[in-house]
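Below: the structure, in structure tokens.
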Amino acid sequence: MNNESYKNSEIKRAFETLTPVRRYTKGEIIYHQGDSAESFYYLKKGRVRVYMTSPDGIEKTLSTASPGEVLGEAAFFDKMPRVSSAGALSNCELVVIDEQRLIALIKETPRLALELLKIQASRIRQLSNQIDVMTFLKADARIARLILANTDGEGSARLTHEEIAGSVGVNRVTVSKILTRFKNDGVITTEYRRIVINDIEALEKIAENE
């Protein structure tokens with residue numbers, strides 16, 4: 001699922017101009033798995049990785065957030081401990097939304113509640129799709145789907161090898177081999193932290209190869 005589907009003008013209008021802004025540096029943890037959630041976040045600048053950690057320390061990337069997205073809202077709404085962690089992939093600016101602030105915003109703009117529900121529905125679909133991908137698809141198909149799901153309006157996906165490995169459940173060596181094969185076949189071009197799709201039909205065909 002494209003991250004752009006999480007972004008909408010109603011959310012941006014409600015959260016973009018709020019202050020204060022909390023700043024995080026690259027590598028800094030924004031919240032930890034297991035924490036209580038008294039608030040959630042709106043990402044104004046930067047990129048954030050949302051991930052889960054197993055009891056034996058293995059990390060699984062759930063998503064990579066970019067400006068205009070909200071983070072950590074699930075635990076905020078159900079008042080249960082956070083099931084994931086979030087860490088800054090770059091220097092970030094976030095707005096903290098607590099219950100009092102959210103209620104005031106919804107009173108001003110009732111439709112905001114519906115937009116937040118849409119985000120929740122989209123994320124449930126994304127997680128369901130990840131489960132299907134991890135269970136049934138081959139590694140090359142999983143990687144192709146991930147690239148397509150994160151494609152921006154310019155026909156490229158901003159993903160590192162590490163992010164791909166964490167998202168699809170394979171090691172970085174496997175990711176490198178598969179991306180090299182895609183590149184040699186003319187399907188993609190790799191740049192620094194960016195994958196450019198040259199042949200979207202070919203990539204879609206790989207993604208459908210169950």
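Ligands are numbered from 1 in the order shown, chains are lettered A, B, ... in the order of the structure tokens, and residues start at 1 in each chain.
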
Considering only alpha helix (DSSP H) as DSSP defines it on the backbone, what residues of chain A qualify? List them as a PyMOL selection string. chain A and resi 9-15+73-78+99-108+111-136+139-149+161-168+172-184+200-207

Can you list, as a CSV table (one decimal) with N, CA and C atoms, in the first residue's frame, every residue of region 50-209 of chain A that DSSP puts in strand (DSSP E)?
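Result written to states-v2.csv:
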chain,number,residue,atom,x,y,z
A,50,VAL,N,8.7,2.4,11.7
A,50,VAL,CA,7.8,1.7,12.8
A,50,VAL,C,8.1,0.2,12.7
A,51,TYR,N,8.5,-0.4,13.8
A,51,TYR,CA,8.9,-1.8,13.8
A,51,TYR,C,8.5,-2.5,15.1
A,52,MET,N,8.5,-3.8,15.0
A,52,MET,CA,8.3,-4.7,16.2
A,52,MET,C,9.6,-5.4,16.5
A,53,THR,N,9.7,-5.7,17.8
A,53,THR,CA,10.9,-6.5,18.2
A,53,THR,C,10.4,-7.8,18.9
A,59,GLU,N,14.1,-7.7,14.8
A,59,GLU,CA,13.2,-6.6,14.5
A,59,GLU,C,12.5,-6.8,13.1
A,60,LYS,N,11.3,-6.4,13.1
A,60,LYS,CA,10.5,-6.5,11.8
A,60,LYS,C,9.9,-5.2,11.5
A,61,THR,N,10.3,-4.6,10.4
A,61,THR,CA,9.8,-3.3,10.0
A,61,THR,C,8.3,-3.4,9.6
A,62,LEU,N,7.4,-2.6,10.1
A,62,LEU,CA,6.0,-2.6,9.7
A,62,LEU,C,5.8,-1.5,8.7
A,63,SER,N,6.4,-0.4,8.8
A,63,SER,CA,6.2,0.7,7.8
A,63,SER,C,7.2,1.7,8.0
A,64,THR,N,7.4,2.6,6.9
A,64,THR,CA,8.3,3.7,7.0
A,64,THR,C,7.4,5.0,6.7
A,65,ALA,N,7.3,5.8,7.7
A,65,ALA,CA,6.5,7.0,7.6
A,65,ALA,C,7.2,8.2,7.1
A,70,VAL,N,0.4,10.1,10.5
A,70,VAL,CA,0.3,10.0,11.9
A,70,VAL,C,0.9,8.7,12.4
A,71,LEU,N,1.4,8.7,13.6
A,71,LEU,CA,2.1,7.5,14.2
A,71,LEU,C,1.6,7.3,15.6
A,85,SER,N,7.6,-0.1,18.1
A,85,SER,CA,8.4,1.1,18.4
A,85,SER,C,8.6,1.9,17.1
A,86,ALA,N,9.0,3.2,17.3
A,86,ALA,CA,9.2,4.1,16.2
A,86,ALA,C,10.6,4.8,16.4
A,87,GLY,N,11.4,4.8,15.4
A,87,GLY,CA,12.7,5.4,15.4
A,87,GLY,C,12.9,6.3,14.3
A,88,ALA,N,13.6,7.4,14.5
A,88,ALA,CA,13.9,8.4,13.4
A,88,ALA,C,14.9,7.9,12.4
A,92,CYS,N,13.9,14.6,12.5
A,92,CYS,CA,12.5,14.7,12.4
A,92,CYS,C,11.9,15.8,13.2
A,93,GLU,N,10.7,16.3,12.8
A,93,GLU,CA,9.9,17.2,13.5
A,93,GLU,C,8.5,16.6,13.6
A,94,LEU,N,8.0,16.4,14.9
A,94,LEU,CA,6.6,15.8,15.1
A,94,LEU,C,5.8,16.7,16.0
A,95,VAL,N,4.5,16.6,15.8
A,95,VAL,CA,3.6,17.3,16.7
A,95,VAL,C,2.9,16.2,17.6
A,96,VAL,N,2.9,16.5,18.9
A,96,VAL,CA,2.3,15.5,19.8
A,96,VAL,C,0.8,15.8,20.0
A,97,ILE,N,-0.1,14.8,19.8
A,97,ILE,CA,-1.5,15.0,19.9
A,97,ILE,C,-2.0,14.2,21.1
A,98,ASP,N,-2.5,14.9,22.2
A,98,ASP,CA,-3.0,14.2,23.3
A,98,ASP,C,-4.6,14.2,23.2
A,156,SER,N,9.3,6.2,-8.2
A,156,SER,CA,10.4,5.6,-7.4
A,156,SER,C,10.0,5.4,-6.0
A,157,ALA,N,10.8,4.5,-5.3
A,157,ALA,CA,10.5,4.2,-3.9
A,157,ALA,C,11.8,4.5,-3.1
A,188,ILE,N,14.5,-2.1,-12.8
A,188,ILE,CA,14.7,-0.9,-11.9
A,188,ILE,C,16.1,-0.4,-12.1
A,189,THR,N,16.3,0.8,-11.5
A,189,THR,CA,17.6,1.4,-11.4
A,189,THR,C,17.8,1.8,-9.9
A,190,THR,N,18.9,1.5,-9.3
A,190,THR,CA,19.1,1.8,-7.9
A,190,THR,C,20.0,3.0,-7.8
A,191,GLU,N,19.6,3.9,-6.9
A,191,GLU,CA,20.3,5.1,-6.5
A,191,GLU,C,20.5,5.1,-5.0
A,194,ARG,N,17.2,5.0,-2.9
A,194,ARG,CA,16.1,5.2,-3.9
A,194,ARG,C,16.1,4.2,-4.9
A,195,ILE,N,15.0,3.6,-5.2
A,195,ILE,CA,14.8,2.7,-6.3
A,195,ILE,C,13.9,3.2,-7.4
A,196,VAL,N,14.4,3.4,-8.6
A,196,VAL,CA,13.6,3.9,-9.7
A,196,VAL,C,13.1,2.8,-10.5
A,197,ILE,N,11.8,2.8,-10.7
A,197,ILE,CA,11.1,1.7,-11.5
A,197,ILE,C,11.2,2.1,-13.0

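Distance check against Ser167 (chain A) using only C-alpha atoms: of A:Ala104, A:Ala139, A:Ala74, A:Ile200, the minimum falls on A:Ala139.
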
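Each of A:Ser54, A:Arg49, A:Ile103, A:Ala113 was compared to Thr160 (chain A) using only C-alpha atoms, and A:Arg49 turns out to be the nearest.
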
Can you measure CA of Arg125 (chain A) to CA of Ala144 (chain A) for me? One decimal in Å is fine. 18.0 Å

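Distances here use only C-alpha atoms; by that measure, the residue among A:Glu108, A:Asp140, A:Asp199, A:Asp78 closest to Thr174 (chain A) is A:Asp140.
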
I want to know what sits within 12 Å of Arg111 (chain A), based on only C-alpha atoms, with residues of the same chain fewer than 6 positions away left out; could you give that as a PyMOL selection string? chain A and resi 8-11+13-14+105+117-118

Got a sec: who's within 9 Å of Val173 (chain A), counting only C-alpha atoms, leaving out chain neighbours fewer than 5 positions off, as a PyMOL selection string? chain A and resi 161+165+178

May I have the selected residues written with N, CA and C atoms, as a PDB file, in the first residue's frame?
ATOM      1  N   HIS A 161      18.293  -1.110   1.613  1.00  0.00           N
ATOM      2  CA  HIS A 161      18.355  -2.570   1.686  1.00  0.00           C
ATOM      3  C   HIS A 161      17.923  -3.052   3.069  1.00  0.00           C
ATOM      4  N   ALA A 165      14.837  -5.573   3.835  1.00  0.00           N
ATOM      5  CA  ALA A 165      15.075  -6.835   4.552  1.00  0.00           C
ATOM      6  C   ALA A 165      14.176  -6.945   5.770  1.00  0.00           C
ATOM      7  N   ILE A 178      18.594  -9.976  -5.190  1.00  0.00           N
ATOM      8  CA  ILE A 178      17.347  -9.813  -5.937  1.00  0.00           C
ATOM      9  C   ILE A 178      17.292  -8.450  -6.625  1.00  0.00           C
TER      10      ILE A 178
END

Which distance in Å separates CA of Arg158 (chain A) and CA of Tyr192 (chain A), to one decimal? 8.8 Å
